[in-house]
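Structure file query-v6.tsv; described as TSV, C-alpha atoms and all ligand atoms.
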chain	number	residue	atom	x	y	z
A	1	MET	CA	0.00	0.00	0.00
A	2	VAL	CA	1.50	3.29	-1.11
A	3	ALA	CA	1.17	6.16	1.35
A	4	VAL	CA	-0.65	9.26	0.12
A	5	THR	CA	1.80	12.15	0.18
A	6	GLN	CA	-0.08	14.78	-1.82
A	7	ARG	CA	-3.71	15.87	-2.03
A	8	LEU	CA	-4.87	17.51	-5.24
A	9	PHE	CA	-7.96	19.27	-6.57
A	10	PHE	CA	-8.35	18.87	-10.34
A	11	ASP	CA	-10.20	21.49	-12.38
A	12	CYS	CA	-10.54	20.50	-16.03
A	13	ASP	CA	-12.52	20.86	-19.27
A	14	THR	CA	-12.22	17.17	-20.12
A	15	GLY	CA	-11.21	16.81	-23.54
A	16	ILE	CA	-8.59	14.39	-24.72
A	17	ASP	CA	-5.49	15.68	-22.98
A	18	ASP	CA	-7.46	16.37	-19.78
A	19	SER	CA	-8.47	12.69	-19.96
A	20	VAL	CA	-4.84	11.61	-20.14
A	21	ALA	CA	-4.07	13.92	-17.21
A	22	LEU	CA	-6.87	12.33	-15.19
A	23	ILE	CA	-5.62	8.81	-15.92
A	24	TYR	CA	-2.09	9.89	-14.97
A	25	LEU	CA	-3.37	11.28	-11.66
A	26	LEU	CA	-5.31	8.06	-11.00
A	27	ALA	CA	-2.14	6.12	-11.71
A	28	ARG	CA	-0.36	8.02	-8.94
A	29	ALA	CA	-1.16	5.93	-5.87
A	30	ASP	CA	0.75	8.49	-3.78
A	31	VAL	CA	-1.77	11.18	-4.74
A	32	GLU	CA	-5.29	11.65	-3.43
A	33	ILE	CA	-7.60	13.44	-5.84
A	34	VAL	CA	-9.86	15.11	-3.27
A	35	GLY	CA	-12.22	16.46	-5.89
A	36	ILE	CA	-12.73	17.26	-9.56
A	37	ALA	CA	-14.26	20.45	-10.96
A	38	SER	CA	-15.84	20.23	-14.39
A	39	THR	CA	-15.43	23.53	-16.21
A	40	ALA	CA	-16.95	24.41	-19.58
A	41	GLY	CA	-14.38	24.69	-22.34
A	42	ASN	CA	-13.41	22.01	-24.83
A	43	VAL	CA	-17.01	20.80	-24.61
A	44	PRO	CA	-20.10	22.00	-22.68
A	45	VAL	CA	-19.90	21.58	-18.92
A	46	ASP	CA	-22.40	18.71	-18.75
A	47	VAL	CA	-20.29	16.78	-21.27
A	48	VAL	CA	-17.15	17.55	-19.26
A	49	THR	CA	-18.88	16.12	-16.20
A	50	ALA	CA	-20.03	13.03	-18.09
A	51	ASN	CA	-16.49	12.45	-19.37
A	52	ASN	CA	-14.98	12.78	-15.89
A	53	LEU	CA	-17.56	10.38	-14.46
A	54	ALA	CA	-17.08	7.92	-17.33
A	55	TRP	CA	-13.29	7.75	-16.90
A	56	LEU	CA	-13.69	7.40	-13.11
A	57	GLY	CA	-16.26	4.65	-13.64
A	58	LEU	CA	-13.97	2.81	-16.05
A	59	CYS	CA	-11.20	2.94	-13.46
A	60	GLY	CA	-13.36	2.00	-10.50
A	61	ARG	CA	-12.96	5.37	-8.81
A	62	GLY	CA	-16.53	6.41	-8.18
A	63	ASP	CA	-15.33	7.56	-4.74
A	64	ILE	CA	-13.85	10.76	-6.22
A	65	PRO	CA	-16.46	13.56	-6.22
A	66	VAL	CA	-17.05	15.43	-9.48
A	67	HIS	CA	-18.58	18.89	-9.20
A	68	GLN	CA	-20.08	20.76	-12.13
A	69	GLY	CA	-19.27	24.39	-12.79
A	70	SER	CA	-21.00	27.20	-14.64
A	71	PRO	CA	-22.32	26.47	-18.15
A	72	THR	CA	-20.78	29.74	-19.33
A	73	PRO	CA	-17.68	31.84	-18.75
A	74	LEU	CA	-17.86	34.84	-16.40
A	75	VAL	CA	-18.70	37.29	-19.16
A	76	ALA	CA	-18.10	35.82	-22.62
A	77	ASP	CA	-20.40	33.47	-24.47
A	78	LEU	CA	-19.17	29.88	-24.30
A	79	MET	CA	-17.09	28.65	-27.20
A	80	THR	CA	-16.26	24.95	-27.47
A	81	THR	CA	-13.92	22.99	-29.73
A	82	GLU	CA	-15.38	19.67	-30.74
A	83	ASP	CA	-13.27	19.75	-33.88
A	84	THR	CA	-10.21	19.39	-31.62
A	85	HIS	CA	-11.46	16.87	-29.08
A	86	GLY	CA	-14.35	15.13	-30.86
A	87	PRO	CA	-18.14	15.54	-30.64
A	88	LEU	CA	-18.10	14.35	-27.03
A	89	GLY	CA	-14.64	15.58	-26.10
A	90	ILE	CA	-12.98	12.16	-25.92
A	91	GLY	CA	-12.08	11.65	-29.56
A	92	TYR	CA	-13.16	8.25	-30.87
A	93	ALA	CA	-13.30	6.68	-27.41
A	94	GLU	CA	-16.59	5.05	-26.49
A	95	LEU	CA	-16.57	4.80	-22.70
A	96	PRO	CA	-18.95	2.64	-20.67
A	97	ALA	CA	-22.30	4.27	-19.92
A	98	VAL	CA	-22.06	6.66	-17.00
A	99	THR	CA	-23.59	5.19	-13.85
A	100	LEU	CA	-22.07	7.67	-11.41
A	101	ALA	CA	-23.68	10.99	-10.51
A	102	ALA	CA	-22.09	14.38	-10.02
A	103	ALA	CA	-21.57	15.39	-6.40
A	104	PRO	CA	-23.78	18.05	-4.82
A	105	GLY	CA	-22.42	21.58	-4.78
A	106	ASP	CA	-20.99	23.45	-7.73
A	107	ALA	CA	-17.36	23.57	-8.76
A	108	ALA	CA	-16.65	26.92	-7.11
A	109	ASP	CA	-17.98	25.80	-3.73
A	110	ALA	CA	-16.02	22.56	-4.10
A	111	TRP	CA	-12.82	24.59	-4.57
A	112	ILE	CA	-13.58	26.56	-1.39
A	113	GLU	CA	-14.50	23.45	0.62
A	114	ALA	CA	-11.39	21.55	-0.45
A	115	SER	CA	-9.13	24.52	0.32
A	116	ARG	CA	-10.62	24.74	3.82
A	117	ARG	CA	-10.53	21.00	4.51
A	118	TYR	CA	-6.92	20.63	3.37
A	119	GLU	CA	-5.65	24.08	4.32
A	120	GLY	CA	-1.96	24.46	3.59
A	121	GLU	CA	-1.58	21.07	1.88
A	122	LEU	CA	-3.92	21.25	-1.12
A	123	VAL	CA	-2.37	21.29	-4.59
A	124	GLY	CA	-4.62	22.95	-7.15
A	125	LEU	CA	-4.40	21.99	-10.82
A	126	VAL	CA	-6.32	23.76	-13.59
A	127	THR	CA	-6.20	22.36	-17.10
A	128	GLY	CA	-9.20	24.21	-18.47
A	129	PRO	CA	-10.58	27.74	-18.45
A	130	LEU	CA	-10.27	29.49	-15.09
A	131	THR	CA	-14.01	30.14	-14.74
A	132	SER	CA	-14.61	27.90	-11.72
A	133	LEU	CA	-11.54	29.04	-9.82
A	134	ALA	CA	-12.31	32.70	-10.51
A	135	GLU	CA	-15.86	32.24	-9.23
A	136	ALA	CA	-14.50	30.50	-6.13
A	137	ILE	CA	-12.15	33.41	-5.44
A	138	ARG	CA	-15.04	35.86	-5.95
A	139	ARG	CA	-16.92	33.95	-3.22
A	140	ASP	CA	-13.89	33.60	-0.93
A	141	ALA	CA	-10.97	35.94	-1.60
A	142	THR	CA	-8.80	34.12	0.96
A	143	LEU	CA	-8.85	30.87	-1.04
A	144	PRO	CA	-5.37	31.38	-2.61
A	145	THR	CA	-3.77	31.72	0.80
A	146	ARG	CA	-4.88	28.19	1.76
A	147	LEU	CA	-3.30	26.46	-1.23
A	148	ARG	CA	0.04	24.71	-0.97
A	149	ARG	CA	0.54	25.09	-4.71
A	150	LEU	CA	-1.41	26.04	-7.82
A	151	VAL	CA	-0.50	24.93	-11.34
A	152	VAL	CA	-2.30	26.28	-14.39
A	153	MET	CA	-2.04	25.03	-17.95
A	154	GLY	CA	-2.61	28.13	-20.01
A	155	GLY	CA	-1.30	31.14	-21.85
A	156	ALA	CA	1.26	31.72	-24.54
A	157	PHE	CA	4.06	34.24	-24.16
A	158	HIS	CA	6.66	33.81	-26.87
A	159	ALA	CA	4.69	31.25	-28.85
A	160	HIS	CA	1.85	31.55	-31.37
A	161	GLY	CA	-1.61	31.18	-29.89
A	162	ASN	CA	-3.69	28.09	-30.65
A	163	THR	CA	-7.05	29.86	-30.59
A	164	THR	CA	-6.16	33.25	-32.00
A	165	PRO	CA	-2.72	34.35	-33.20
A	166	VAL	CA	-1.94	35.48	-29.65
A	167	ALA	CA	-4.36	33.60	-27.34
A	168	GLU	CA	-4.21	30.11	-25.88
A	169	TRP	CA	-7.49	28.17	-25.53
A	170	ASN	CA	-7.98	28.06	-21.74
A	171	VAL	CA	-7.44	31.80	-21.46
A	172	ALA	CA	-9.30	32.61	-24.67
A	173	VAL	CA	-12.48	30.86	-23.50
A	174	ASP	CA	-12.68	33.02	-20.37
A	175	PRO	CA	-10.20	35.92	-20.39
A	176	GLU	CA	-11.98	37.70	-17.53
A	177	ALA	CA	-11.62	34.65	-15.32
A	178	ALA	CA	-7.93	34.32	-16.13
A	179	ALA	CA	-7.37	38.01	-15.40
A	180	GLU	CA	-9.16	37.76	-12.05
A	181	VAL	CA	-7.23	34.66	-11.01
A	182	PHE	CA	-3.83	36.17	-11.83
A	183	GLU	CA	-4.84	39.41	-10.07
A	184	ALA	CA	-5.50	37.37	-6.92
A	185	PHE	CA	-1.81	36.48	-6.67
A	186	GLY	CA	1.37	38.50	-6.33
A	187	THR	CA	0.42	39.50	-2.80
A	188	GLY	CA	3.27	37.69	-1.09
A	189	VAL	CA	0.72	35.84	1.03
A	190	ALA	CA	-0.32	33.01	-1.30
A	191	PRO	CA	2.13	30.90	-3.32
A	192	ASP	CA	2.14	32.27	-6.84
A	193	PRO	CA	0.86	29.83	-9.48
A	194	ILE	CA	3.17	27.91	-11.77
A	195	VAL	CA	1.88	28.57	-15.28
A	196	CYS	CA	2.55	26.02	-18.05
A	197	PRO	CA	2.12	27.88	-21.36
A	198	LEU	CA	2.05	26.64	-24.92
A	199	ASP	CA	5.68	27.78	-25.18
A	200	LEU	CA	6.57	24.65	-23.19
A	201	THR	CA	3.55	22.35	-23.37
A	202	GLU	CA	3.79	22.06	-27.15
A	203	ALA	CA	7.15	20.37	-26.64
A	204	ILE	CA	5.27	17.49	-24.99
A	205	ALA	CA	4.37	15.99	-28.35
A	206	LEU	CA	3.13	12.41	-28.12
A	207	THR	CA	3.99	10.27	-31.14
A	208	PRO	CA	2.74	6.87	-32.31
A	209	ASP	CA	5.99	5.38	-31.02
A	210	HIS	CA	4.98	6.53	-27.54
A	211	VAL	CA	1.71	4.64	-27.99
A	212	VAL	CA	3.72	1.52	-28.82
A	213	ARG	CA	5.80	2.02	-25.68
A	214	LEU	CA	2.64	2.47	-23.63
A	215	ALA	CA	1.24	-0.86	-24.82
A	216	GLY	CA	4.55	-2.49	-24.00
A	217	VAL	CA	4.49	-1.24	-20.42
A	218	ALA	CA	0.84	-2.26	-20.09
A	219	GLY	CA	1.51	-5.68	-21.57
A	220	SER	CA	-1.51	-5.17	-23.80
A	221	HIS	CA	-2.03	-6.82	-27.18
A	222	PRO	CA	-1.97	-6.31	-30.04
A	223	VAL	CA	0.65	-3.56	-29.86
A	224	GLU	CA	-0.85	-0.92	-32.13
A	225	CYS	CA	0.98	1.94	-33.80
A	226	PRO	CA	-1.44	4.58	-35.12
A	227	ASP	CA	-0.40	5.72	-38.58
A	228	PRO	CA	-1.47	8.69	-40.67
A	229	ALA	CA	-2.18	6.21	-43.48
A	230	ASP	CA	-4.76	4.41	-41.33
A	231	GLU	CA	-8.38	4.90	-42.26
A	232	ARG	CA	-9.82	7.80	-40.27
A	233	GLY	CA	-11.39	6.70	-37.04
A	234	LEU	CA	-9.88	3.23	-37.01
A	235	ARG	CA	-10.70	1.75	-33.61
A	236	SER	CA	-8.24	0.05	-31.29
A	237	VAL	CA	-8.69	-3.67	-30.64
A	238	SER	CA	-6.44	-3.76	-27.61
A	239	ASP	CA	-7.24	-6.45	-25.05
A	240	ASN	CA	-6.84	-3.81	-22.33
A	241	ASP	CA	-9.93	-1.61	-21.92
A	242	LEU	CA	-8.02	1.40	-20.68
A	243	ILE	CA	-5.37	1.23	-23.40
A	244	ARG	CA	-8.09	0.76	-26.01
A	245	ASP	CA	-10.03	3.82	-24.89
A	246	LEU	CA	-6.91	5.95	-24.57
A	247	VAL	CA	-5.72	4.96	-28.06
A	248	ASP	CA	-9.17	5.73	-29.50
A	249	ALA	CA	-9.12	9.14	-27.84
A	250	LEU	CA	-5.54	9.90	-28.91
A	251	ARG	CA	-6.06	8.82	-32.51
A	252	PHE	CA	-8.61	11.64	-32.94
A	253	TYR	CA	-6.04	14.06	-31.47
A	254	PHE	CA	-3.31	12.76	-33.84
A	255	GLU	CA	-5.63	13.35	-36.79
A	256	PHE	CA	-6.51	16.86	-35.57
A	257	HIS	CA	-2.87	17.89	-35.24
A	258	ALA	CA	-2.01	16.39	-38.62
A	259	ASP	CA	-4.93	18.26	-40.21
A	260	HIS	CA	-3.54	21.48	-38.77
A	261	ASP	CA	-0.01	21.02	-40.09
A	262	GLU	CA	1.44	20.10	-36.70
A	263	GLY	CA	2.38	16.59	-37.81
A	264	TYR	CA	0.84	13.29	-36.69
A	265	ILE	CA	1.44	14.06	-33.04
A	266	ALA	CA	-0.61	15.03	-29.99
A	267	HIS	CA	0.28	17.92	-27.68
A	268	LEU	CA	-0.15	16.61	-24.12
A	269	HIS	CA	-0.56	20.01	-22.44
A	270	ASP	CA	-2.59	18.78	-19.48
A	271	PRO	CA	-0.76	15.63	-18.39
A	272	PHE	CA	2.38	17.74	-18.35
A	273	ALA	CA	0.71	20.32	-16.09
A	274	ALA	CA	-0.40	17.45	-13.83
A	275	MET	CA	3.19	16.23	-13.56
A	276	VAL	CA	4.35	19.75	-12.71
A	277	ALA	CA	1.65	20.01	-10.05
A	278	LEU	CA	3.05	16.92	-8.33
A	279	SER	CA	6.73	17.56	-9.01
A	280	PRO	CA	7.33	21.27	-9.61
A	281	ASP	CA	11.06	20.69	-9.66
A	282	ILE	CA	10.77	19.15	-13.15
A	283	VAL	CA	10.48	22.64	-14.63
A	284	ALA	CA	12.64	25.71	-14.64
A	285	THR	CA	10.56	28.83	-14.05
A	286	VAL	CA	10.87	32.58	-14.32
A	287	PRO	CA	8.90	35.00	-12.13
A	288	ALA	CA	6.63	37.43	-13.96
A	289	ARG	CA	3.49	39.48	-13.56
A	290	ILE	CA	0.95	38.01	-15.93
A	291	GLY	CA	-1.77	40.23	-17.26
A	292	VAL	CA	-4.57	39.30	-19.66
A	293	GLU	CA	-5.75	41.52	-22.50
A	294	LEU	CA	-9.52	41.90	-22.30
A	295	THR	CA	-10.46	44.60	-24.80
A	296	GLY	CA	-8.09	44.26	-27.74
A	297	THR	CA	-9.78	43.68	-31.08
A	298	LEU	CA	-7.01	41.36	-32.23
A	299	THR	CA	-5.46	40.62	-28.85
A	300	ARG	CA	-8.32	39.68	-26.49
A	301	GLY	CA	-7.20	36.69	-24.42
A	302	MET	CA	-3.51	37.44	-24.91
A	303	THR	CA	-1.37	36.75	-21.83
A	304	VAL	CA	1.33	39.34	-21.23
A	305	ALA	CA	4.33	38.48	-19.06
A	306	ASP	CA	6.05	41.39	-17.33
A	307	GLU	CA	9.39	40.01	-16.15
A	308	ARG	CA	10.80	43.42	-15.11
A	309	GLY	CA	8.31	44.69	-12.55
A	310	MET	CA	6.96	47.41	-14.82
A	311	THR	CA	3.33	46.69	-13.94
A	312	GLY	CA	3.64	45.44	-10.39
A	313	PRO	CA	5.05	42.52	-8.42
A	314	ALA	CA	5.34	39.08	-9.97
A	315	ASN	CA	2.15	37.04	-9.59
A	316	ALA	CA	3.27	33.82	-11.28
A	317	ARG	CA	6.17	31.57	-12.14
A	318	ILE	CA	6.21	30.71	-15.81
A	319	ALA	CA	7.51	27.23	-16.66
A	320	VAL	CA	10.13	27.65	-19.35
A	321	ALA	CA	12.07	24.39	-19.57
A	322	THR	CA	11.86	20.69	-18.76
A	323	ASP	CA	13.42	17.33	-19.67
A	324	VAL	CA	10.91	16.12	-22.27
A	325	ASP	CA	12.31	12.59	-22.40
A	326	ALA	CA	12.00	12.27	-18.63
A	327	VAL	CA	8.42	13.55	-18.84
A	328	PHE	CA	7.47	10.81	-21.30
A	329	ASP	CA	9.36	8.16	-19.34
A	330	ASP	CA	7.29	9.00	-16.26
A	331	LEU	CA	4.02	9.42	-18.13
A	332	LEU	CA	4.21	6.15	-20.05
A	333	ASP	CA	5.53	4.17	-17.11
A	334	ARG	CA	2.83	5.36	-14.72
A	335	ILE	CA	-0.09	5.00	-17.11
A	336	GLY	CA	1.17	1.71	-18.60
A	337	THR	CA	1.69	0.19	-15.17
A	338	PHE	CA	-1.72	1.41	-14.05
A	339	ALA	CA	-3.35	-0.13	-17.13
A	340	ARG	CA	-1.52	-3.39	-16.54
A	341	THR	CA	-2.53	-3.65	-12.89
A	342	TRP	CA	-6.08	-2.48	-13.52
A	343	ALA	CA	-6.53	-5.09	-16.27
A	344	ALA	CA	-5.27	-7.78	-13.90
A	345	ARG	CA	-7.75	-6.87	-11.16
B	401	LIG	O1	-4.51	25.17	-25.12
B	401	LIG	C1	-4.51	23.84	-24.67
B	401	LIG	C2	-5.47	23.67	-23.54
B	401	LIG	O2	-6.80	23.97	-23.99
B	401	LIG	C3	-5.55	22.23	-23.03
B	401	LIG	O3	-5.88	22.27	-21.67
B	401	LIG	C4	-6.67	21.64	-23.83
B	401	LIG	O4	-7.33	20.57	-23.16
B	401	LIG	C5	-7.63	22.80	-23.90
B	401	LIG	O5	-8.36	22.86	-22.69
B	402	CA	CA	-7.91	21.10	-20.95

Could you render the structure as structure tokens?
Ligand code: RIB
Ligand code: CA
Amino acid sequence: MVAVTQRLFFDCDTGIDDSVALIYLLARADVEIVGIASTAGNVPVDVVTANNLAWLGLCGRGDIPVHQGSPTPLVADLMTTEDTHGPLGIGYAELPAVTLAAAPGDAADAWIEASRRYEGELVGLVTGPLTSLAEAIRRDATLPTRLRRLVVMGGAFHAHGNTTPVAEWNVAVDPEAAAEVFEAFGTGVAPDPIVCPLDLTEAIALTPDHVVRLAGVAGSHPVECPDPADERGLRSVSDNDLIRDLVDALRFYFEFHADHDEGYIAHLHDPFAAMVALSPDIVATVPARIGVELTGTLTRGMTVADERGMTGPANARIAVATDVDAVFDDLLDRIGTFARTWAAR
């Protein structure tokens, strides 16, 4: 029995890479996921909730409460991206029918409750828009001071945006929420968030060879290697349910990236942020004050990093470097081992 050494609250807009992040977190026996917040983003919030519940059901973790957030951002109309993550946000995966129910209480109240229950030890991880966390801070401004650590996947500083030329998806969906969350830090009282931007997360590019390695660790068969020449939507026939569903989800993501001239790869933004949340020493960071453009015609949702104190004290640490090979070694080993042991249950 592995002792729990970290407690984490996971706020996500479960899509494909959020799904991989969730499975990675479940594979970490040393981590207790004390709660999950479903936030609207990649897909509508009810679909995010269904995806979280479906993955938890598949993995026998109905004990983890899933709380649903607002159906819309703080101010903006909701935009979703089914073309990126599939009509239901999990690519081609067809998960078992959801039998679990969402927990009572919305995502914002769940943030507040978790921060109070685990004051000083709670690690917060956000891999979707910051809507739920911003609403939680509106309801309880002292929330940041009770966190041990906060890691956010979001923003782009010296990299092209993936939603507009200058905006990254999680920030672009709800720029007001991102602005309010960053404004809540830099006080010297709460630990400033570690922000994992596209500049770094796009280096975490899963390839078909990684999928082969994953099957090897899991001991699953046949060992499948997705190929751009495969017919679109080809389904996995792996003898391991979890590997099969992950491969079906990832194949959609491979096809999306290939269709957008990124190559037949899959950017694993969110699993990387999850690894940083648990082991922040895997990244080099630089302090900066992050601001979010809210009114620019071309620049709304742009994240601006002030590294020289021109606009106030630093309110974040931006992750700028990591050992990509070590990231994949950990990711594939943890998830493959989890799939192997879960299949043998
Ligand atoms: O920009 C990438 C981020 O937006 C990832 O978290 C992805 O899941 C989407 O939410
Ligand atoms: Ca996400």

_All residues 12 Å or closer to His267 in chain A, only C-alpha atoms, same chain fewer than 3 positions away omitted, as a ChimeraX atom specification_ = /A:16-18,20,84-85,162,197-207,250,253-258,262-264,270-273,328

Go through chain A and flag each residue having an atom no more than 8 Å from ligand LIG 401 (chain B); for those, report the closest pair of atoms plus their distance in Å to one decimal, using all atoms listed in the file, ordered by chain and rising number, as CSV.
residue,atom,partner,partner_atom,distance
A:Cys12,CA,B:LIG401,O5,7.4
A:Asp13,CA,B:LIG401,O5,5.7
A:Thr14,CA,B:LIG401,O4,6.7
A:Gly15,CA,B:LIG401,O4,5.4
A:Ile16,CA,B:LIG401,O4,6.5
A:Asp17,CA,B:LIG401,O4,5.2
A:Asp18,CA,B:LIG401,O4,5.4
A:Gly41,CA,B:LIG401,O5,6.3
A:Asn42,CA,B:LIG401,O5,5.6
A:Thr127,CA,B:LIG401,O3,4.6
A:Gly128,CA,B:LIG401,O5,4.5
A:Pro129,CA,B:LIG401,O5,6.8
A:Met153,CA,B:LIG401,O3,6.0
A:Gly154,CA,B:LIG401,O1,6.2
A:Gly155,CA,B:LIG401,O1,7.5
A:Asn162,CA,B:LIG401,O1,6.3
A:Thr163,CA,B:LIG401,O1,7.6
A:Glu168,CA,B:LIG401,O1,5.0
A:Trp169,CA,B:LIG401,O1,4.2
A:Asn170,CA,B:LIG401,O2,4.8
A:Leu198,CA,B:LIG401,O1,6.7
A:Leu268,CA,B:LIG401,C3,7.9
A:His269,CA,B:LIG401,C3,5.5
A:Asp270,CA,B:LIG401,O3,5.3

_Nearest residue to Val43 in chain A out of A:Ala178, A:Val173, A:Val195, A:Met302, using all atoms listed in the file?_
A:Val173

*Which one is closest to ligand CA 402 (chain B): A:Gly219, A:Asp46, A:Val152, A:Glu94? Count only C-alpha atoms and all ligand atoms.*
A:Val152

*Interatomic distance (Å, one decimal) between CA of His158 in chain A and CA of Phe182 in chain A*: 18.5 Å

*Expressed in Å to a single decimal, how great is the separation between CA of Arg289 in chain A and CA of Ile112 in chain A?*
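Computing the Euclidean distance for CA of Arg289 in chain A and CA of Ile112 in chain A yields 24.6 Å.
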
*Could you name the residues that touch Ala184 in chain A at 12 Å or less, counting all atoms listed in the file, but leaving out those on the same chain fewer than 3 positions away, as a ChimeraX atom specification?*
/A:133-138,140-145,177-181,187-193,289-291,313-316

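Each of A:Val75, A:Leu130, A:Ala110, A:Gln68 was checked against ligand CA 402 (chain B) using all atoms listed in the file; the smallest atom-to-atom distance is that of A:Leu130.
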
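Using all atoms listed in the file for every distance, the candidate list A:Gly233, A:Pro280, A:Pro96, A:Pro228 yields A:Pro228 as the residue closest to Asp259 in chain A.
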
*Considering all atoms listed in the file, return as a ChimeraX atom specification whatever protein or nucleic-acid residues lie within 9 Å of Trp111 in chain A, sequence-local ones (same chain, fewer than 4 positions apart) excluded.*
/A:9,11,35-37,106-107,115-116,124,132-133,136-137,143

Save the residues we just selected, C-alpha atoms, as a PDB file, in the coordinates of the input?
ATOM      1  CA  PHE A   9      -7.960  19.270  -6.570  1.00  0.00           C
ATOM      2  CA  ASP A  11     -10.200  21.490 -12.380  1.00  0.00           C
ATOM      3  CA  GLY A  35     -12.220  16.460  -5.890  1.00  0.00           C
ATOM      4  CA  ILE A  36     -12.730  17.260  -9.560  1.00  0.00           C
ATOM      5  CA  ALA A  37     -14.260  20.450 -10.960  1.00  0.00           C
ATOM      6  CA  ASP A 106     -20.990  23.450  -7.730  1.00  0.00           C
ATOM      7  CA  ALA A 107     -17.360  23.570  -8.760  1.00  0.00           C
ATOM      8  CA  SER A 115      -9.130  24.520   0.320  1.00  0.00           C
ATOM      9  CA  ARG A 116     -10.620  24.740   3.820  1.00  0.00           C
ATOM     10  CA  GLY A 124      -4.620  22.950  -7.150  1.00  0.00           C
ATOM     11  CA  SER A 132     -14.610  27.900 -11.720  1.00  0.00           C
ATOM     12  CA  LEU A 133     -11.540  29.040  -9.820  1.00  0.00           C
ATOM     13  CA  ALA A 136     -14.500  30.500  -6.130  1.00  0.00           C
ATOM     14  CA  ILE A 137     -12.150  33.410  -5.440  1.00  0.00           C
ATOM     15  CA  LEU A 143      -8.850  30.870  -1.040  1.00  0.00           C
TER      16      LEU A 143
END

*Rounded to one decimal in Å, what is the spacing between CA of His67 in chain A and CA of Val4 in chain A?*
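For CA of His67 in chain A relative to CA of Val4 in chain A, the distance reads 22.4 Å.
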
*Determine the nearest neighbour of ligand CA 402 (chain B) from the options A:Thr164, A:Asp83, A:Val123, A:Val171, counting all atoms listed in the file.*
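Closest to ligand CA 402 (chain B), using all atoms listed in the file: A:Val171.
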
*Identify which of the residues A:Gly186, A:Gly89, A:Gly309, A:Pro104 lies closest to ligand CA 402 (chain B), counting only C-alpha atoms and all ligand atoms when measuring atom-to-atom distances.*
A:Gly89

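Once all atoms listed in the file are considered, the residues situated within 9 Å of the file point (0.3, 2.6, -35.1) turn out to be Pro208, Asp209, Val211, Val212, Val223, Glu224, Cys225, Pro226, Asp227, Pro228 and Asp230 of chain A.
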